[in-house]
Each structure stands twice: as structure tokens, then as C-alpha cells.
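Pasting target.txt here (compact mmCIF, C-alpha atoms):
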```
# COMPACT_ATOMS: atom_id res chain seq x y z
CA MET A 6 99.95 130.78 111.43
CA LEU A 7 97.70 127.91 110.36
CA LYS A 8 99.58 124.63 109.92
CA ILE A 9 98.21 122.15 107.36
CA THR A 10 99.81 118.71 107.30
CA VAL A 11 98.98 116.20 104.57
CA CYS A 12 99.77 112.50 104.82
CA ILE A 13 101.98 111.31 101.97
CA GLY A 14 102.17 107.69 103.12
CA SER A 15 101.39 104.89 100.65
CA SER A 16 97.69 104.48 101.49
CA CYS A 17 96.95 108.21 101.23
CA HIS A 18 99.15 108.46 98.13
CA ILE A 19 96.91 105.91 96.40
CA LYS A 20 93.85 107.96 97.44
CA GLY A 21 95.24 111.14 95.86
CA SER A 22 97.45 112.91 98.42
CA ARG A 23 99.64 114.34 95.66
CA GLN A 24 96.62 116.00 93.99
CA VAL A 25 95.43 117.26 97.40
CA VAL A 26 98.87 118.81 98.09
CA GLU A 27 99.02 120.40 94.62
CA GLN A 28 95.51 121.84 94.96
CA LEU A 29 96.27 123.19 98.45
CA GLN A 30 99.49 124.82 97.17
CA TYR A 31 97.49 126.44 94.38
CA LEU A 32 94.69 127.63 96.70
CA ILE A 33 97.17 129.04 99.24
CA ALA A 34 98.96 130.98 96.47
CA GLU A 35 95.73 132.09 94.76
CA ASN A 36 94.44 133.53 98.04
CA ASN A 37 97.81 135.12 98.95
CA LEU A 38 98.02 133.13 102.19
CA GLY A 39 101.68 132.13 101.97
CA ASP A 40 102.47 134.16 105.08
CA LYS A 41 99.47 132.81 107.04
CA VAL A 42 99.41 129.11 106.12
CA GLU A 43 102.20 126.56 106.43
CA LEU A 44 101.77 123.41 104.32
CA GLY A 45 103.73 120.29 105.22
CA GLY A 46 103.78 116.56 104.69
CA THR A 47 104.00 113.62 107.05
CA PHE A 48 103.79 109.86 106.91
CA CYS A 49 101.00 107.65 108.21
CA MET A 50 98.58 109.22 110.71
CA GLY A 51 96.87 105.87 111.36
CA LYS A 52 93.46 106.68 109.86
CA CYS A 53 94.05 105.11 106.45
CA GLN A 54 90.52 103.77 105.98
CA GLN A 55 89.23 107.28 105.27
CA GLY A 56 90.33 109.69 102.53
CA VAL A 57 93.65 111.51 102.47
CA CYS A 58 94.53 112.34 106.09
CA VAL A 59 94.96 116.08 106.66
CA THR A 60 95.34 118.03 109.88
CA VAL A 61 94.74 121.76 110.32
CA ASN A 62 96.65 122.63 113.46
CA ASP A 63 95.54 119.62 115.55
CA SER A 64 92.14 119.06 113.96
CA PHE A 65 91.85 115.91 111.79
CA HIS A 66 90.11 115.84 108.41
CA SER A 67 89.62 113.31 105.66
CA VAL A 68 90.04 115.01 102.27
CA THR A 69 89.73 113.81 98.69
CA PRO A 70 90.92 115.50 95.49
CA GLU A 71 87.21 116.11 94.77
CA ASN A 72 86.39 117.93 98.04
CA VAL A 73 89.64 119.82 98.67
CA GLY A 74 88.12 123.14 97.53
CA GLU A 75 85.23 122.82 99.96
CA PHE A 76 87.64 121.73 102.73
CA PHE A 77 89.87 124.76 102.02
CA SER A 78 86.96 127.21 102.21
CA LYS A 79 85.58 125.78 105.44
CA GLU A 80 88.74 124.85 107.34
CA VAL A 81 91.34 127.34 106.05
CA LEU A 82 89.76 130.50 104.60
CA ALA A 83 87.27 130.70 107.48
CA LYS A 84 90.14 130.62 110.02
CA VAL A 85 92.74 133.03 108.63
```
Structure encoded using C-alpha cells:
Amino acid sequence: MLKITVCIGSSCHIKGSRQVVEQLQYLIAENNLGDKVELGGTFCMGKCQQGVCVTVNDSFHSVTPENVGEFFSKEVLAKV
């Protein structure tokens, strides 16, 4: 099971965390990965100066609403 955690703190919210979560939910469903990927939220991860803070298992990534598709292909689809 791959665990994706998206920061929903105020700084990441301003940078588009809601859109990132919605796009990830869509991509997980579209690729029938509901049984292989767990999507969750958390508050500040302390790396606010970058994009929306996202971890895949324990690996940190900075994601924007614009690059979430590329992130999903490289960090999720390639690993399930």
C-alpha cells in the first residue's frame, strides 16, 4: 500500500492543496488504485517555502496543481 499525504495547512492551502487533493483523488479512481493507494491529509510539514507539501510513504515532494499529473505518473503509477 502506497501512502500519499498532502499538507492542508494554511500555506499549502493558499498554494492549491485542495486542487492537488482533488486531482489525486480523481487520478487514483481513474487508474483503479483505490486498493493500492491511501490518500490522507496532514497539517504543516515545515517546508512551506516550496509548493504543496506531499509525501509518498516517507519521500518528500513539492507539488503544484499544474504538475500533479506528472508527479502522479512518476511517483505513484511507477511504484504500484
Query - Selection: 7 Å around Ser22 in chain A, only C-alpha atoms, excl. self and same-chain fewer than 2 positions, as a list of chain:residue names - result: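 After dropping sequence-adjacent residues, the list is A:Cys12, A:Ile13, A:Cys17, A:His18, A:Lys20, A:Gln24, A:Val25, A:Val26, A:Val57.
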Counting only C-alpha atoms, find residues at most 8 Å from (103.0, 121.4, 104.2) (file frame) and give them as a compact mmCIF listing (two decimals) with C-alpha atoms, in the frame of the given file.
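Saved as selection_25.txt:
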```txt
# COMPACT_ATOMS: atom_id res chain seq x y z
CA LYS A 8 99.58 124.63 109.92
CA ILE A 9 98.21 122.15 107.36
CA THR A 10 99.81 118.71 107.30
CA VAL A 11 98.98 116.20 104.57
CA VAL A 26 98.87 118.81 98.09
CA GLU A 43 102.20 126.56 106.43
CA LEU A 44 101.77 123.41 104.32
CA GLY A 45 103.73 120.29 105.22
CA GLY A 46 103.78 116.56 104.69
```
Query - Non-local contacts of Asn72 in chain A (12 Å; only C-alpha atoms; under 5 positions in same chain excluded) as a ChimeraX atom specification - result: /A:21,24-25,28-29,56-57,66-67,77-80
Query - Point-to-point distance in Å for CA of Val61 in chain A and CA of Gly39 in chain A - result: 15.0 Å
Report task. Provide the CA of Leu82 in chain A to CA of Val68 in chain A distance in Å, to one decimal place. Result ->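 Pair CA of Leu82 in chain A / CA of Val68 in chain A returns 15.7 Å.
You will find CA of Val59 in chain A at 19.5 Å from CA of Asn36 in chain A.
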Report summary line: Min atom-atom distance to Gly74 in chain A from the set A:Gln55, A:Gln30, A:Thr60, A:Ser15, counting all atoms listed in the file, belongs to A:Gln30
Report task. For each of A:Leu38, A:Ser16, A:Arg23, A:Thr47, take the minimum atom-to-atom distance to Val85 in chain A, counting all atoms listed in the file, then give the residue where this is smallest. Result -> A:Leu38
Report task. Would you please work out which residue, of A:Met50, A:Glu27, A:Met6, A:Pro70, is nearest to Lys84 in chain A when using all atoms listed in the file? Result ->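 Closest candidate: A:Met6.
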Query raised in the report: Closest to Cys58 in chain A among A:Val73, A:Ala83, A:Ala34, A:Leu7, using only C-alpha atoms?
Result: A:Val73
Which centre and edge lengths in Å to one decimal define the box along x, y and z that fits every listed atom of range 48-63 of chain A plus 6 Å per side, as lines of an AutoDock Vina configuration file?
```
center_x = 96.5
center_y = 113.2
center_z = 109.0
size_x = 26.6
size_y = 30.9
size_z = 25.1
```
Selected range 35-51 of chain A, written as a compact mmCIF listing (two decimals), in the first residue's frame, all heavy atoms:
```txt
# COMPACT_ATOMS: atom_id res chain seq x y z
N GLU A 35 -9.44 7.00 -11.37
CA GLU A 35 -9.35 6.76 -12.82
C GLU A 35 -8.45 5.57 -13.13
O GLU A 35 -8.68 4.84 -14.09
CB GLU A 35 -8.81 8.01 -13.51
CG GLU A 35 -8.83 7.92 -15.02
CD GLU A 35 -8.23 9.16 -15.67
OE1 GLU A 35 -7.08 9.50 -15.36
OE2 GLU A 35 -8.93 9.78 -16.47
N ASN A 36 -7.42 5.37 -12.31
CA ASN A 36 -6.48 4.27 -12.52
C ASN A 36 -6.81 3.04 -11.67
O ASN A 36 -6.01 2.11 -11.58
CB ASN A 36 -5.05 4.75 -12.23
CG ASN A 36 -4.56 5.72 -13.28
OD1 ASN A 36 -4.12 5.31 -14.34
ND2 ASN A 36 -4.65 7.01 -13.02
N ASN A 37 -7.99 3.03 -11.04
CA ASN A 37 -8.44 1.91 -10.21
C ASN A 37 -7.41 1.51 -9.16
O ASN A 37 -7.11 0.33 -8.98
CB ASN A 37 -8.79 0.70 -11.09
CG ASN A 37 -9.96 0.99 -12.00
OD1 ASN A 37 -10.98 1.52 -11.55
ND2 ASN A 37 -9.81 0.69 -13.27
N LEU A 38 -6.87 2.51 -8.46
CA LEU A 38 -5.83 2.24 -7.46
C LEU A 38 -6.32 2.40 -6.02
O LEU A 38 -5.52 2.47 -5.10
CB LEU A 38 -4.62 3.18 -7.69
CG LEU A 38 -3.90 2.99 -9.03
CD1 LEU A 38 -2.82 4.04 -9.19
CD2 LEU A 38 -3.31 1.60 -9.13
N GLY A 39 -7.63 2.43 -5.85
CA GLY A 39 -8.18 2.63 -4.51
C GLY A 39 -7.72 1.60 -3.49
O GLY A 39 -7.61 1.89 -2.30
N ASP A 40 -7.41 0.39 -3.95
CA ASP A 40 -6.96 -0.66 -3.03
C ASP A 40 -5.43 -0.67 -2.88
O ASP A 40 -4.89 -1.42 -2.09
CB ASP A 40 -7.44 -2.03 -3.51
CG ASP A 40 -6.97 -2.36 -4.92
OD1 ASP A 40 -6.62 -1.43 -5.69
OD2 ASP A 40 -6.95 -3.55 -5.27
N LYS A 41 -4.72 0.18 -3.64
CA LYS A 41 -3.26 0.18 -3.59
C LYS A 41 -2.68 1.49 -3.07
O LYS A 41 -1.51 1.56 -2.72
CB LYS A 41 -2.70 -0.06 -4.99
CG LYS A 41 -3.00 -1.44 -5.53
CD LYS A 41 -2.23 -1.69 -6.82
CE LYS A 41 -2.38 -3.12 -7.25
NZ LYS A 41 -3.19 -3.30 -8.43
N VAL A 42 -3.52 2.55 -3.06
CA VAL A 42 -3.04 3.87 -2.65
C VAL A 42 -3.95 4.43 -1.58
O VAL A 42 -5.17 4.45 -1.74
CB VAL A 42 -3.00 4.83 -3.86
CG1 VAL A 42 -2.55 6.22 -3.43
CG2 VAL A 42 -2.08 4.31 -4.95
N GLU A 43 -3.35 4.89 -0.49
CA GLU A 43 -4.10 5.54 0.58
C GLU A 43 -3.77 7.02 0.53
O GLU A 43 -2.60 7.42 0.54
CB GLU A 43 -3.67 4.95 1.93
CG GLU A 43 -4.34 5.61 3.11
CD GLU A 43 -3.77 5.14 4.44
OE1 GLU A 43 -3.09 4.10 4.48
OE2 GLU A 43 -3.98 5.85 5.43
N LEU A 44 -4.79 7.87 0.45
CA LEU A 44 -4.61 9.32 0.38
C LEU A 44 -5.07 9.93 1.68
O LEU A 44 -6.18 9.67 2.13
CB LEU A 44 -5.41 9.88 -0.80
CG LEU A 44 -5.32 11.38 -1.07
CD1 LEU A 44 -3.88 11.79 -1.38
CD2 LEU A 44 -6.25 11.78 -2.21
N GLY A 45 -4.21 10.74 2.30
CA GLY A 45 -4.57 11.37 3.56
C GLY A 45 -4.10 12.81 3.60
O GLY A 45 -3.36 13.27 2.73
N GLY A 46 -4.53 13.51 4.64
CA GLY A 46 -4.13 14.90 4.82
C GLY A 46 -3.40 15.06 6.14
O GLY A 46 -3.55 14.25 7.05
N THR A 47 -2.62 16.13 6.23
CA THR A 47 -1.92 16.45 7.47
C THR A 47 -1.74 17.95 7.53
O THR A 47 -1.98 18.65 6.53
CB THR A 47 -0.56 15.73 7.54
OG1 THR A 47 0.00 15.94 8.84
CG2 THR A 47 0.42 16.24 6.49
N PHE A 48 -1.33 18.46 8.67
CA PHE A 48 -1.03 19.88 8.76
C PHE A 48 0.45 20.09 8.56
O PHE A 48 1.17 19.16 8.20
CB PHE A 48 -1.60 20.46 10.05
CG PHE A 48 -3.09 20.57 9.99
CD1 PHE A 48 -3.90 19.63 10.60
CD2 PHE A 48 -3.69 21.58 9.25
CE1 PHE A 48 -5.29 19.70 10.50
CE2 PHE A 48 -5.07 21.66 9.14
CZ PHE A 48 -5.88 20.73 9.76
N CYS A 49 0.93 21.27 8.78
CA CYS A 49 2.25 21.73 8.34
C CYS A 49 3.37 20.70 8.46
O CYS A 49 3.56 20.07 9.50
CB CYS A 49 2.64 22.99 9.09
SG CYS A 49 4.10 23.75 8.40
N MET A 50 4.11 20.54 7.35
CA MET A 50 5.28 19.65 7.32
C MET A 50 6.57 20.44 7.43
O MET A 50 7.66 19.89 7.36
CB MET A 50 5.29 18.86 6.00
CG MET A 50 4.12 17.90 5.85
SD MET A 50 4.30 16.99 4.28
CE MET A 50 2.71 16.21 4.15
N GLY A 51 6.46 21.78 7.55
CA GLY A 51 7.63 22.61 7.78
C GLY A 51 8.44 22.99 6.56
O GLY A 51 9.55 23.50 6.69
```
